[in-house]
>>> print(open('final.cif').read())   # mmCIF, C-alpha atoms
data_protein
#
loop_
_atom_site.label_atom_id
_atom_site.label_comp_id
_atom_site.auth_asym_id
_atom_site.auth_seq_id
_atom_site.Cartn_x
_atom_site.Cartn_y
_atom_site.Cartn_z
CA MET W 1 0.00 0.00 0.00
CA THR W 2 2.81 2.43 0.89
CA ALA W 3 4.36 1.73 -2.52
CA LEU W 4 1.15 2.64 -4.35
CA ALA W 5 0.56 5.72 -2.19
CA ALA W 6 4.14 6.80 -2.92
CA LEU W 7 3.55 6.38 -6.66
CA VAL W 8 0.33 8.43 -6.56
CA ARG W 9 1.98 11.14 -4.47
CA ARG W 10 5.01 11.31 -6.77
CA ASP W 11 2.96 11.59 -9.96
CA VAL W 12 0.66 14.27 -8.53
CA LYS W 13 3.67 16.20 -7.25
CA ILE W 14 5.42 16.08 -10.64
CA ALA W 15 2.22 17.10 -12.45
CA LEU W 16 1.68 20.11 -10.21
CA ARG W 17 5.26 21.40 -10.38
CA VAL W 18 6.55 23.69 -13.10
CA GLY W 19 6.40 21.97 -16.48
CA GLY W 20 4.28 19.15 -15.10
CA GLY W 21 1.39 19.80 -17.42
CA ALA W 22 -1.56 19.49 -15.02
CA LEU W 23 -2.67 23.06 -15.72
CA ILE W 24 -2.40 22.69 -19.49
CA GLY W 25 -5.54 20.53 -19.56
CA VAL W 26 -7.56 23.07 -17.57
CA LEU W 27 -6.32 25.95 -19.70
CA PHE W 28 -7.26 24.08 -22.87
CA PHE W 29 -10.72 23.31 -21.43
CA LEU W 30 -11.12 26.97 -20.55
CA THR W 31 -10.07 28.07 -24.03
CA VAL W 32 -12.43 25.71 -25.86
CA VAL W 33 -15.43 26.69 -23.74
CA VAL W 34 -14.69 30.41 -23.76
CA LEU W 35 -14.37 30.42 -27.56
CA MET W 36 -17.76 28.73 -28.09
CA PRO W 37 -19.98 31.77 -27.31
CA PHE W 38 -17.87 33.84 -29.70
CA ALA W 39 -18.27 31.25 -32.45
CA LEU W 40 -21.97 30.57 -31.90
CA GLY W 41 -23.05 34.14 -31.35
CA PRO W 42 -25.00 35.70 -28.50
CA ASP W 43 -28.01 33.40 -28.76
CA LEU W 44 -28.60 32.49 -25.10
CA ALA W 45 -31.12 29.75 -25.79
CA LEU W 46 -28.75 28.04 -28.24
CA LEU W 47 -25.88 28.22 -25.75
CA THR W 48 -28.03 26.64 -23.04
CA ARG W 49 -29.04 23.87 -25.40
CA LEU W 50 -25.47 23.15 -26.52
CA GLY W 51 -23.92 23.74 -23.06
CA PRO W 52 -23.67 20.13 -21.88
CA ALA W 53 -22.23 18.94 -25.18
CA ILE W 54 -19.66 21.77 -25.25
CA LEU W 55 -18.53 21.11 -21.68
CA TRP W 56 -18.28 17.38 -22.27
CA LEU W 57 -16.38 17.74 -25.55
CA GLY W 58 -14.02 20.25 -23.93
CA ALA W 59 -13.37 17.89 -21.03
CA LEU W 60 -12.83 14.93 -23.38
CA LEU W 61 -10.31 16.78 -25.53
CA ALA W 62 -8.57 18.29 -22.51
CA SER W 63 -8.12 14.90 -20.88
CA LEU W 64 -6.80 13.49 -24.15
CA LEU W 65 -4.24 16.28 -24.37
CA THR W 66 -2.28 15.24 -21.28
CA LEU W 67 -2.86 11.49 -21.51
CA ASP W 68 0.10 10.65 -23.74
CA ARG W 69 2.53 11.60 -20.96
CA LEU W 70 0.98 9.01 -18.63
CA PHE W 71 3.52 6.27 -19.43
CA MET W 72 5.75 7.99 -21.97
CA ALA W 73 7.66 10.09 -19.43
CA ASP W 74 8.36 7.05 -17.24
CA HIS W 75 9.37 5.06 -20.30
CA GLU W 76 11.82 7.68 -21.48
CA ASP W 77 13.68 8.05 -18.20
CA GLY W 78 13.74 4.35 -17.34
CA SER W 79 11.33 4.54 -14.40
CA LEU W 80 8.97 2.19 -16.19
CA ASP W 81 11.64 -0.56 -16.20
CA LEU W 82 11.93 -0.34 -12.43
CA ILE W 83 8.14 -0.23 -12.00
CA VAL W 84 7.79 -3.38 -14.12
CA MET W 85 10.55 -5.13 -12.13
CA GLY W 86 9.13 -4.07 -8.76
CA ARG W 87 7.24 -6.17 -6.25
CA VAL W 88 4.03 -4.20 -6.76
CA PRO W 89 1.75 -5.94 -9.31
CA LEU W 90 1.93 -3.96 -12.56
CA GLU W 91 -1.89 -3.78 -12.78
CA LEU W 92 -2.05 -1.96 -9.43
CA ALA W 93 0.81 0.33 -10.39
CA CYS W 94 -1.06 1.23 -13.60
CA ALA W 95 -4.22 1.93 -11.62
CA ALA W 96 -2.25 4.14 -9.21
CA LYS W 97 -0.74 6.08 -12.12
CA ALA W 98 -4.18 6.59 -13.68
CA LEU W 99 -5.59 7.73 -10.34
CA ALA W 100 -2.77 10.25 -9.96
CA HIS W 101 -3.34 11.47 -13.51
CA TRP W 102 -7.04 11.95 -12.83
CA LEU W 103 -6.35 13.80 -9.56
CA ALA W 104 -3.95 16.18 -11.30
CA ALA W 105 -5.64 16.57 -14.69
CA GLY W 106 -9.26 15.34 -14.43
CA LEU W 107 -10.43 16.74 -11.11
CA PRO W 108 -9.45 20.36 -11.99
CA LEU W 109 -11.77 20.10 -15.03
CA VAL W 110 -14.68 19.22 -12.74
CA ILE W 111 -13.79 22.08 -10.41
CA ALA W 112 -13.65 24.54 -13.32
CA THR W 113 -17.10 23.52 -14.61
CA PRO W 114 -19.27 25.88 -12.46
CA ALA W 115 -17.35 28.92 -13.66
CA LEU W 116 -17.61 27.81 -17.28
CA GLY W 117 -21.32 27.03 -16.91
CA LEU W 118 -21.89 30.76 -16.39
CA LEU W 119 -20.38 31.50 -19.81
CA LEU W 120 -22.82 29.10 -21.46
CA ASN W 121 -25.92 30.53 -19.76
CA LEU W 122 -26.51 27.41 -17.66
CA ASP W 123 -28.41 27.73 -14.38
CA ALA W 124 -27.26 26.25 -11.08
CA THR W 125 -29.17 22.96 -11.49
CA SER W 126 -27.82 22.32 -14.98
CA THR W 127 -24.27 23.21 -13.98
CA SER W 128 -24.33 20.95 -10.95
CA ALA W 129 -25.81 18.12 -13.05
CA ILE W 130 -23.04 18.50 -15.63
CA GLY W 131 -20.45 18.79 -12.85
CA LEU W 132 -21.73 15.56 -11.34
CA THR W 133 -21.65 13.70 -14.67
CA LEU W 134 -18.09 14.96 -15.29
CA LEU W 135 -17.05 13.88 -11.78
CA VAL W 136 -18.30 10.38 -12.49
CA GLY W 137 -17.35 10.26 -16.17
CA THR W 138 -13.82 11.74 -16.34
CA PRO W 139 -12.29 8.79 -14.42
CA ALA W 140 -13.68 6.54 -17.15
CA LEU W 141 -11.94 8.73 -19.76
CA THR W 142 -8.64 8.44 -17.88
CA PHE W 143 -8.87 4.69 -17.26
CA THR W 144 -9.85 3.81 -20.84
CA GLY W 145 -7.35 6.34 -22.17
CA MET W 146 -4.67 4.58 -20.14
CA ILE W 147 -4.98 1.58 -22.51
CA GLY W 148 -4.12 3.83 -25.44
CA ALA W 149 -1.28 5.46 -23.50
CA ALA W 150 0.22 2.03 -22.75
CA LEU W 151 -0.12 0.97 -26.39
CA ALA W 152 1.54 4.20 -27.52
CA VAL W 153 4.55 3.32 -25.34
CA SER W 154 4.71 -0.25 -26.64
CA LEU W 155 4.45 0.88 -30.24
CA HIS W 156 6.88 3.80 -29.80
CA ARG W 157 4.32 6.23 -31.21
CA GLY W 158 2.72 8.95 -29.20
CA GLY W 159 0.46 11.86 -29.96
CA LEU W 160 -1.99 11.34 -32.75
CA LEU W 161 -2.08 7.54 -32.54
CA LEU W 162 -3.27 7.87 -28.97
CA ALA W 163 -6.19 10.06 -30.03
CA VAL W 164 -7.17 7.62 -32.76
CA LEU W 165 -7.04 4.70 -30.33
CA VAL W 166 -8.75 6.36 -27.41
CA LEU W 167 -11.54 8.40 -29.00
CA PRO W 168 -13.67 5.43 -30.12
CA LEU W 169 -13.41 3.96 -26.60
CA SER W 170 -14.67 7.18 -25.07
CA ILE W 171 -17.79 7.49 -27.26
CA PRO W 172 -20.09 5.60 -24.83
CA VAL W 173 -18.92 7.78 -21.94
CA LEU W 174 -19.61 10.89 -24.02
CA ILE W 175 -23.09 9.68 -25.05
CA PHE W 176 -24.27 8.88 -21.56
CA GLY W 177 -22.52 11.86 -19.97
CA VAL W 178 -24.31 14.29 -22.27
CA ALA W 179 -27.57 12.31 -22.08
CA ALA W 180 -27.61 12.47 -18.28
CA SER W 181 -26.82 16.19 -18.28
CA GLU W 182 -29.56 16.96 -20.81
CA ALA W 183 -32.04 14.80 -18.93
CA ALA W 184 -31.39 16.84 -15.79
CA ILE W 185 -31.85 20.10 -17.71
CA GLY W 186 -34.94 18.98 -19.61
CA GLY W 187 -36.57 17.43 -16.54
CA PHE W 188 -36.42 13.84 -17.84
CA SER W 189 -35.20 10.85 -15.89
CA PHE W 190 -31.62 11.63 -14.79
CA GLY W 191 -31.16 8.27 -13.05
CA ALA W 192 -31.02 5.88 -16.00
CA PRO W 193 -28.24 7.48 -18.11
CA PHE W 194 -26.38 8.49 -14.94
CA THR W 195 -26.26 4.94 -13.59
CA ILE W 196 -25.06 3.68 -16.96
CA LEU W 197 -22.32 6.33 -16.83
CA CYS W 198 -21.35 5.08 -13.35
CA ALA W 199 -21.32 1.53 -14.70
CA LEU W 200 -19.03 2.56 -17.58
CA SER W 201 -16.63 4.09 -15.06
CA LEU W 202 -16.63 0.96 -12.91
CA ILE W 203 -16.00 -1.24 -15.96
CA SER W 204 -13.07 0.96 -17.01
CA PHE W 205 -11.56 0.67 -13.48
CA VAL W 206 -11.42 -3.11 -13.97
CA ILE W 207 -10.48 -3.40 -17.64
CA GLY W 208 -8.15 -0.39 -17.95
CA PRO W 209 -5.36 -1.45 -15.54
CA PHE W 210 -5.31 -5.06 -16.80
CA ALA W 211 -5.25 -4.06 -20.47
CA ALA W 212 -2.59 -1.39 -19.87
CA ALA W 213 -0.40 -3.77 -17.83
CA ALA W 214 -0.71 -6.48 -20.48
CA SER W 215 0.25 -4.00 -23.17
CA LEU W 216 3.26 -2.73 -21.20
CA ARG W 217 4.50 -6.27 -20.48
CA HIS W 218 4.09 -7.31 -24.08
CA GLY W 219 5.74 -4.21 -25.48
CA LEU W 220 8.89 -4.30 -23.33
CA ASP W 221 12.21 -4.26 -25.05
CA MET Y 1 22.47 -18.49 -4.38
CA ARG Y 2 23.32 -19.30 -7.98
CA LEU Y 3 22.31 -17.44 -11.13
CA SER Y 4 22.69 -19.32 -14.38
CA GLY Y 5 21.72 -19.09 -18.00
CA ARG Y 6 21.60 -21.91 -20.53
CA GLY Y 7 21.71 -21.51 -24.30
CA ILE Y 8 20.42 -17.95 -24.28
CA ARG Y 9 19.64 -16.51 -27.67
CA CYS Y 10 19.06 -12.85 -28.33
CA MET Y 11 17.26 -11.42 -31.34
CA ARG Y 12 16.99 -7.68 -31.91
CA GLY Y 13 15.13 -6.31 -34.89
CA GLY Y 14 15.10 -9.70 -36.62
CA ARG Y 15 18.88 -10.04 -36.34
CA ASP Y 16 20.72 -12.60 -34.21
CA VAL Y 17 22.82 -10.71 -31.66
CA PHE Y 18 24.14 -13.76 -29.85
CA SER Y 19 23.06 -17.32 -29.37
CA GLY Y 20 23.98 -20.34 -27.30
CA LEU Y 21 25.26 -18.21 -24.43
CA ASP Y 22 25.87 -20.03 -21.14
CA PHE Y 23 26.86 -18.36 -17.91
CA GLU Y 24 26.88 -19.14 -14.25
CA THR Y 25 27.66 -17.08 -11.21
CA CYS Y 26 27.34 -17.60 -7.47
CA ALA Y 27 26.77 -15.46 -4.40
CA GLY Y 28 29.80 -13.39 -3.52
CA GLU Y 29 30.96 -13.24 -7.11
CA ALA Y 30 30.96 -10.46 -9.69
CA LEU Y 31 30.46 -11.33 -13.33
CA ALA Y 32 31.70 -8.77 -15.85
CA VAL Y 33 30.03 -9.03 -19.23
CA VAL Y 34 32.52 -7.72 -21.76
CA GLY Y 35 32.36 -7.30 -25.50
CA PRO Y 36 32.38 -4.71 -28.26
CA ASN Y 37 29.55 -2.21 -28.79
CA GLY Y 38 26.38 -3.83 -30.03
CA SER Y 39 27.38 -7.29 -28.86
CA GLY Y 40 24.31 -7.58 -26.62
CA LYS Y 41 25.64 -6.75 -23.14
CA THR Y 42 22.71 -4.53 -22.26
CA SER Y 43 20.27 -7.01 -23.82
CA LEU Y 44 21.66 -9.78 -21.61
CA LEU Y 45 21.21 -7.63 -18.49
CA ARG Y 46 17.66 -6.75 -19.54
CA MET Y 47 16.90 -10.43 -20.05
CA ILE Y 48 18.11 -11.22 -16.52
CA ALA Y 49 16.00 -8.30 -15.26
CA GLY Y 50 12.94 -9.75 -16.99
CA LEU Y 51 12.59 -6.72 -19.25
CA LEU Y 52 13.36 -8.57 -22.47
CA ALA Y 53 12.24 -12.07 -23.37
CA PRO Y 54 15.05 -14.35 -24.56
CA ALA Y 55 14.48 -15.76 -28.05
CA GLY Y 56 15.71 -19.08 -26.70
CA GLY Y 57 17.26 -20.69 -23.63
CA SER Y 58 16.51 -20.01 -20.00
CA ILE Y 59 17.71 -18.01 -17.02
CA ALA Y 60 17.30 -19.45 -13.54
CA LEU Y 61 18.01 -18.41 -9.99
CA GLU Y 62 18.58 -21.08 -7.35
CA GLY Y 63 18.67 -20.44 -3.63
CA GLY Y 64 16.95 -17.07 -3.68
CA ASP Y 65 13.72 -16.14 -1.95
CA VAL Y 66 11.19 -18.66 -3.30
CA GLU Y 67 8.33 -16.20 -2.81
CA LEU Y 68 9.85 -13.71 -5.21
CA THR Y 69 10.74 -13.76 -8.90
CA LEU Y 70 14.26 -13.04 -10.14
CA PRO Y 71 13.49 -9.42 -11.20
CA GLU Y 72 11.90 -8.74 -7.81
CA GLN Y 73 15.20 -9.63 -6.11
CA ALA Y 74 17.32 -7.52 -8.42
CA HIS Y 75 18.43 -3.92 -8.71
CA TYR Y 76 18.93 -2.58 -12.22
CA VAL Y 77 21.10 0.44 -12.86
CA ALA Y 78 21.26 1.55 -16.46
CA HIS Y 79 21.97 4.51 -18.69
CA ARG Y 80 18.39 5.75 -18.21
CA ASP Y 81 18.53 6.50 -14.53
CA ALA Y 82 14.84 6.78 -13.54
CA LEU Y 83 15.28 10.21 -11.97
CA LYS Y 84 12.57 12.86 -12.18
CA PRO Y 85 14.05 16.29 -12.91
CA ALA Y 86 11.21 18.09 -11.08
CA LEU Y 87 11.84 16.23 -7.82
CA SER Y 88 14.71 16.88 -5.44
CA VAL Y 89 17.49 14.37 -4.79
CA ILE Y 90 15.94 13.15 -1.54
CA GLU Y 91 12.41 13.01 -3.03
CA ASN Y 92 13.67 10.84 -5.89
CA LEU Y 93 15.47 8.50 -3.52
CA LEU Y 94 12.64 8.27 -0.97
CA PHE Y 95 10.16 7.49 -3.73
CA TRP Y 96 12.18 4.51 -4.99
CA GLN Y 97 12.77 3.37 -1.42
CA LYS Y 98 9.03 3.30 -0.72
CA PHE Y 99 8.06 1.91 -4.11
CA LEU Y 100 10.64 -0.88 -4.28
CA GLY Y 101 9.95 -1.99 -0.70
CA GLY Y 102 11.84 -4.61 1.28
CA ASP Y 103 14.62 -4.01 3.80
CA ALA Y 104 15.23 -0.30 3.69
CA SER Y 105 18.04 1.69 5.19
CA ASP Y 106 18.37 5.36 6.03
CA ALA Y 107 18.09 7.37 2.80
CA ARG Y 108 20.09 10.35 4.08
CA GLY Y 109 22.85 8.02 5.25
CA CYS Y 110 22.97 6.47 1.77
CA LEU Y 111 23.27 9.91 0.20
CA ALA Y 112 26.15 10.69 2.56
CA THR Y 113 27.84 7.43 1.52
CA VAL Y 114 27.74 8.37 -2.16
CA GLY Y 115 28.78 11.96 -1.45
CA LEU Y 116 25.53 13.73 -2.28
CA ASP Y 117 24.56 14.86 1.23
CA HIS Y 118 25.30 18.50 0.36
CA ALA Y 119 22.70 18.46 -2.47
CA ILE Y 120 19.77 16.76 -0.73
CA HIS Y 121 17.18 19.39 -1.67
CA LEU Y 122 18.55 20.21 -5.12
CA PRO Y 123 16.17 19.33 -7.99
CA ALA Y 124 17.57 16.39 -9.95
CA ALA Y 125 17.44 18.53 -13.11
CA TYR Y 126 20.55 20.39 -11.90
CA LEU Y 127 22.67 17.30 -11.20
CA SER Y 128 25.71 16.55 -13.35
CA ALA Y 129 26.04 13.19 -15.08
CA GLY Y 130 28.35 11.94 -12.34
CA GLN Y 131 26.01 13.11 -9.60
CA ARG Y 132 23.08 11.38 -11.29
CA ARG Y 133 25.09 8.17 -11.35
CA ARG Y 134 25.89 8.61 -7.65
CA LEU Y 135 22.18 9.01 -6.93
CA SER Y 136 21.48 5.78 -8.84
CA ILE Y 137 24.11 4.06 -6.70
CA ALA Y 138 22.36 5.42 -3.60
CA ARG Y 139 19.23 3.59 -4.80
CA LEU Y 140 21.22 0.34 -4.71
CA LEU Y 141 22.01 0.98 -1.06
CA THR Y 142 18.69 2.30 0.18
CA VAL Y 143 16.80 -0.93 -0.45
CA ARG Y 144 18.54 -4.27 -0.05
CA ARG Y 145 18.43 -6.58 -3.06
CA PRO Y 146 20.79 -9.57 -3.38
CA ILE Y 147 21.34 -9.19 -7.14
CA TRP Y 148 22.79 -6.07 -8.72
CA LEU Y 149 22.49 -5.72 -12.49
CA LEU Y 150 24.74 -2.86 -13.55
CA ASP Y 151 25.03 -1.41 -17.04
CA GLU Y 152 28.25 0.62 -17.41
CA PRO Y 153 28.04 1.56 -13.72
CA THR Y 154 31.27 3.56 -13.57
CA ASN Y 155 30.47 5.80 -16.54
CA ALA Y 156 30.73 9.49 -15.65
CA LEU Y 157 32.12 8.74 -12.20
CA ASP Y 158 35.35 10.50 -11.18
CA SER Y 159 38.21 8.46 -9.76
CA ALA Y 160 37.09 9.08 -6.15
CA GLY Y 161 33.60 7.98 -7.15
CA GLN Y 162 34.95 4.85 -8.81
CA SER Y 163 36.87 3.78 -5.72
CA MET Y 164 33.87 4.59 -3.51
CA PHE Y 165 31.71 2.40 -5.74
CA ALA Y 166 34.31 -0.40 -5.78
CA ALA Y 167 34.24 -0.43 -1.98
CA LEU Y 168 30.43 -0.60 -2.00
CA MET Y 169 30.49 -3.51 -4.47
CA ILE Y 170 33.02 -5.42 -2.35
CA ASP Y 171 30.81 -4.83 0.70
CA HIS Y 172 27.78 -6.12 -1.23
CA LEU Y 173 29.67 -9.23 -2.34
CA THR Y 174 30.95 -10.05 1.14
CA ARG Y 175 27.38 -9.90 2.42
CA GLY Y 176 26.47 -12.67 -0.02
CA GLY Y 177 25.35 -10.47 -2.88
CA LEU Y 178 25.81 -11.11 -6.56
CA ILE Y 179 26.78 -8.68 -9.31
CA VAL Y 180 26.37 -8.89 -13.06
CA ALA Y 181 27.88 -5.86 -14.76
CA ALA Y 182 28.22 -4.91 -18.40
CA THR Y 183 31.35 -2.85 -18.71
CA HIS Y 184 34.18 -1.61 -20.87
CA MET Y 185 36.30 -0.36 -18.03
CA PRO Y 186 37.75 -2.31 -15.11
CA LEU Y 187 35.42 -2.04 -12.12
CA GLY Y 188 38.21 -2.01 -9.57
CA ILE Y 189 37.15 -5.32 -8.03
CA ILE Y 190 37.96 -8.93 -8.80
CA THR Y 191 35.55 -10.13 -11.47
CA ARG Y 192 35.06 -13.16 -13.64
CA GLU Y 193 34.77 -12.19 -17.27
CA LEU Y 194 32.02 -13.35 -19.60
CA PRO Y 195 33.03 -12.39 -23.14
CA ILE Y 196 30.17 -12.14 -25.61
CA GLY Y 197 29.98 -11.26 -29.28
CA SER Y 198 33.65 -11.98 -29.92
CA ALA Y 199 34.90 -11.92 -33.50
CA SER Y 200 33.70 -15.48 -34.15
#
>>> encode(input="final.cif", output="structure tokens")
Amino acid sequence: MTALAALVRRDVKIALRVGGGALIGVLFFLTVVVLMPFALGPDLALLTRLGPAILWLGALLASLLTLDRLFMADHEDGSLDLIVMGRVPLELACAAKALAHWLAAGLPLVIATPALGLLLNLDATSTSAIGLTLLVGTPALTFTGMIGAALAVSLHRGGLLLAVLVLPLSIPVLIFGVAASEAAIGGFSFGAPFTILCALSLISFVIGPFAAAASLRHGLD
Amino acid sequence: MRLSGRGIRCMRGGRDVFSGLDFETCAGEALAVVGPNGSGKTSLLRMIAGLLAPAGGSIALEGGDVELTLPEQAHYVAHRDALKPALSVIENLLFWQKFLGGDASDARGCLATVGLDHAIHLPAAYLSAGQRRRLSIARLLTVRRPIWLLDEPTNALDSAGQSMFAALMIDHLTRGGLIVAATHMPLGIITRELPIGSAS
């Protein structure tokens, strides 16, 4: 347990220090959402209607932006070799790394949502509903994205390949995240899409670490 | 404790690097893997560390901890030194101490042994190549592992650093440790040589 806690603490610490890249995701999220009203024009009703989709797309792209560093940095400096050799099961180490990545890059997106909701003419109920769906859904983005990050390390390709691999996996999360948010705004049943979103997150917690660890083991050289 | 390999074959990029390699080494002994560049010294170390699958043959450890695999009982020091530039010297060392687990010793004491106690709070980004190597050596000391796998361990070390490291290796060997080192330069200790990739 101390080993995993140490890994989480180290990764969060590195992400929050200068050049760590935790803030880049939030800044990107901010930029995308702030630009939307300028692009769509001052139609308040339209902004309200598109609000959940804009926030979710912004969060998805922002989380993708920082994901390729998840294993690549450790691979480049040799840390990954020692993590693979260590006594901690690789699956748990992967889960700890994903958790740290979410704490440093995913959670700030959720925290920024209320402020951005104002820009999109969303009321308090809508904003809190979207915030809740992002809180539940962004871990799923990180844990499924981790599979792509591990593959990118094994295949020695980063960047664009990661986006191509990860985006299809995140479509269900996007669908149910936006569906739950719009249900809350429109007064439909919030429970059904929200529980499916929770289920998607739980599935990704199980599959993500095993798939990433398998990919890392297979791709070693 | 006895580490041995039988008929090991190494393929890199579809090309045979070496094949039919046998070696054997016992506790208290240092094995120096020597050979020209590209002869597969690093690959052999990575195979022992479980980071590269041999294309043939087998590597076995007898007399170690039966609960643990060979890589879990080994330290690996290589060119890529697993240091995070954003973290300080002591943060880097304490992280590996906690993550690797096992019998740990005082991290600050280890830094004093390798001559880095004056730079404890310096970010690793500002360390020189020799200082980085000293910090990697401190990782060997901070958690006890019976097998040391060393890839060019004395690179970038000054002569004082080399003799300090030689003393540490002798200490490790007398406590029943085992060393496999890939090297071009003499390590300053008595070793048995394993030549690979000779002009055959």
>>> closest_residue(input="final.cif", among="W:Val164, W:Val8, W:Leu174, W:Ala115", to="chain Y", atoms="only C-alpha atoms")
W:Val8
>>> interface_residues(input="final.cif", of="chain Y", to="chain W", cutoff="12 Å", atoms="all atoms listed in the file", output="PyMOL selection string")
chain Y and resi 10-13+42-54+67-88+91-102+123+136+139+143+145+149
>>> atom_distance(input="final.cif", atom1="atom CA of Y:Gly176", atom2="atom CA of Y:Ile147")
9.4 Å
>>> resolve_selection(input="final.cif", expression="the PyMOL selection byres ((chain W and resi 121) around 12)", output="list of chain:residue names")
W:Val33, W:Val34, W:Met36, W:Pro37, W:Pro42, W:Asp43, W:Leu44, W:Ala45, W:Leu46, W:Leu47, W:Thr48, W:Arg49, W:Leu50, W:Gly51, W:Pro52, W:Pro114, W:Ala115, W:Leu116, W:Gly117, W:Leu118, W:Leu119, W:Leu120, W:Leu122, W:Asp123, W:Ala124, W:Thr125, W:Ser126, W:Thr127
>>> resolve_selection(input="final.cif", expression="the PyMOL selection byres ((chain Y and resi 129) around 12)", output="count of residues only")
22
>>> residues_around(input="final.cif", residues="W:Ile196", least_positions_apart="6", cutoff="10 Å", atoms="all atoms listed in the file", output="VMD selection string")
chain W and resid 172 to 173 176 to 177 180 202
>>> write_last_selection(input="final.cif", atoms="C-alpha atoms", output="mmCIF file, keeping the file's coordinate frame")
data_model
loop_
_atom_site.group_PDB
_atom_site.id
_atom_site.type_symbol
_atom_site.label_atom_id
_atom_site.label_comp_id
_atom_site.auth_asym_id
_atom_site.auth_seq_id
_atom_site.Cartn_x
_atom_site.Cartn_y
_atom_site.Cartn_z
ATOM 1 C CA PRO W 172 -20.090 5.600 -24.830
ATOM 2 C CA VAL W 173 -18.920 7.780 -21.940
ATOM 3 C CA PHE W 176 -24.270 8.880 -21.560
ATOM 4 C CA GLY W 177 -22.520 11.860 -19.970
ATOM 5 C CA ALA W 180 -27.610 12.470 -18.280
ATOM 6 C CA LEU W 202 -16.630 0.960 -12.910
#
>>> closest_residue(input="final.cif", among="Y:Ile59, Y:Ala166, Y:Ala32, Y:Leu3", to="Y:Glu152", atoms="only C-alpha atoms")
Y:Ala32
>>> residues_around(input="final.cif", residues="Y:Asp117", least_positions_apart="2", cutoff="12 Å", atoms="all atoms listed in the file", output="list in words")
Val89, Ile90, Ala107, Arg108, Gly109, Cys110, Leu111, Ala112, Thr113, Val114, Gly115, Ala119, Ile120, His121, Leu122, Gln131, Arg134, Leu135 and Ala138 of chain Y
>>> residues_around(input="final.cif", residues="Y:Gly20", least_positions_apart="5", cutoff="6 Å", atoms="all atoms listed in the file", output="VMD selection string")
chain Y and resid 7 to 9
>>> atom_distance(input="final.cif", atom1="atom CA of Y:Ala30", atom2="atom CA of Y:Arg6")
18.3 Å
>>> resolve_selection(input="final.cif", expression="the PyMOL selection byres ((chain W and resi 141-153) around 7)", output="MDAnalysis selection string")
chainID W and resid 67:68 70:72 98 102 137:140 154:158 162 165:166 169:170 204:205 208 211:212 215:216
>>> atom_distance(input="final.cif", atom1="atom CA of Y:Leu173", atom2="atom CA of Y:Phe18")
28.4 Å
>>> closest_residue(input="final.cif", among="Y:Gly28, Y:Gly56, Y:Gly35, Y:Gly197", to="Y:Thr183", atoms="only C-alpha atoms")
Y:Gly35
>>> axis_aligned_box(input="final.cif", around="stretch 91-110 of chain Y", padding_each_side="8 Å", output="lines of an AutoDock Vina configuration file")
center_x = 15.5
center_y = 4.2
center_z = 0.1
size_x = 30.9
size_y = 33.6
size_z = 27.9
>>> residues_around(input="final.cif", residues="Y:Val33", least_positions_apart="6", cutoff="12 Å", atoms="all atoms listed in the file", output="MDAnalysis selection string")
chainID Y and resid 21:25 39:45 149:152 179:187 191:198
>>> residues_near_point(input="final.cif", point="(-20.6, 18.2, -23.0)", cutoff="10 Å", atoms="all atoms listed in the file", output="list of chain:residue names")
W:Val33, W:Leu50, W:Gly51, W:Pro52, W:Ala53, W:Ile54, W:Leu55, W:Trp56, W:Leu57, W:Gly58, W:Ala59, W:Leu60, W:Ile130, W:Thr133, W:Leu134, W:Leu174, W:Ile175, W:Gly177, W:Val178, W:Ala179, W:Ser181, W:Glu182
>>> write_last_selection(input="final.cif", atoms="C-alpha atoms", output="compact mmCIF listing (two decimals), keeping the file's coordinate frame")
# COMPACT_ATOMS: atom_id res chain seq x y z
CA VAL W 33 -15.43 26.69 -23.74
CA LEU W 50 -25.47 23.15 -26.52
CA GLY W 51 -23.92 23.74 -23.06
CA PRO W 52 -23.67 20.13 -21.88
CA ALA W 53 -22.23 18.94 -25.18
CA ILE W 54 -19.66 21.77 -25.25
CA LEU W 55 -18.53 21.11 -21.68
CA TRP W 56 -18.28 17.38 -22.27
CA LEU W 57 -16.38 17.74 -25.55
CA GLY W 58 -14.02 20.25 -23.93
CA ALA W 59 -13.37 17.89 -21.03
CA LEU W 60 -12.83 14.93 -23.38
CA ILE W 130 -23.04 18.50 -15.63
CA THR W 133 -21.65 13.70 -14.67
CA LEU W 134 -18.09 14.96 -15.29
CA LEU W 174 -19.61 10.89 -24.02
CA ILE W 175 -23.09 9.68 -25.05
CA GLY W 177 -22.52 11.86 -19.97
CA VAL W 178 -24.31 14.29 -22.27
CA ALA W 179 -27.57 12.31 -22.08
CA SER W 181 -26.82 16.19 -18.28
CA GLU W 182 -29.56 16.96 -20.81
>>> closest_residue(input="final.cif", among="Y:Val17, Y:Ala55, Y:Met164, Y:Cys26", to="Y:Gly177", atoms="all atoms listed in the file")
Y:Cys26
>>> residues_around(input="final.cif", residues="W:Val26", least_positions_apart="3", cutoff="8 Å", atoms="all atoms listed in the file", output="PyMOL selection string")
chain W and resi 22-23+29-30+62+105+108-109+112
>>> write_last_selection(input="final.cif", atoms="C-alpha atoms", output="mmCIF file, in the frame of the given file")
data_model
loop_
_atom_site.group_PDB
_atom_site.id
_atom_site.type_symbol
_atom_site.label_atom_id
_atom_site.label_comp_id
_atom_site.auth_asym_id
_atom_site.auth_seq_id
_atom_site.Cartn_x
_atom_site.Cartn_y
_atom_site.Cartn_z
ATOM 1 C CA ALA W 22 -1.560 19.490 -15.020
ATOM 2 C CA LEU W 23 -2.670 23.060 -15.720
ATOM 3 C CA PHE W 29 -10.720 23.310 -21.430
ATOM 4 C CA LEU W 30 -11.120 26.970 -20.550
ATOM 5 C CA ALA W 62 -8.570 18.290 -22.510
ATOM 6 C CA ALA W 105 -5.640 16.570 -14.690
ATOM 7 C CA PRO W 108 -9.450 20.360 -11.990
ATOM 8 C CA LEU W 109 -11.770 20.100 -15.030
ATOM 9 C CA ALA W 112 -13.650 24.540 -13.320
#
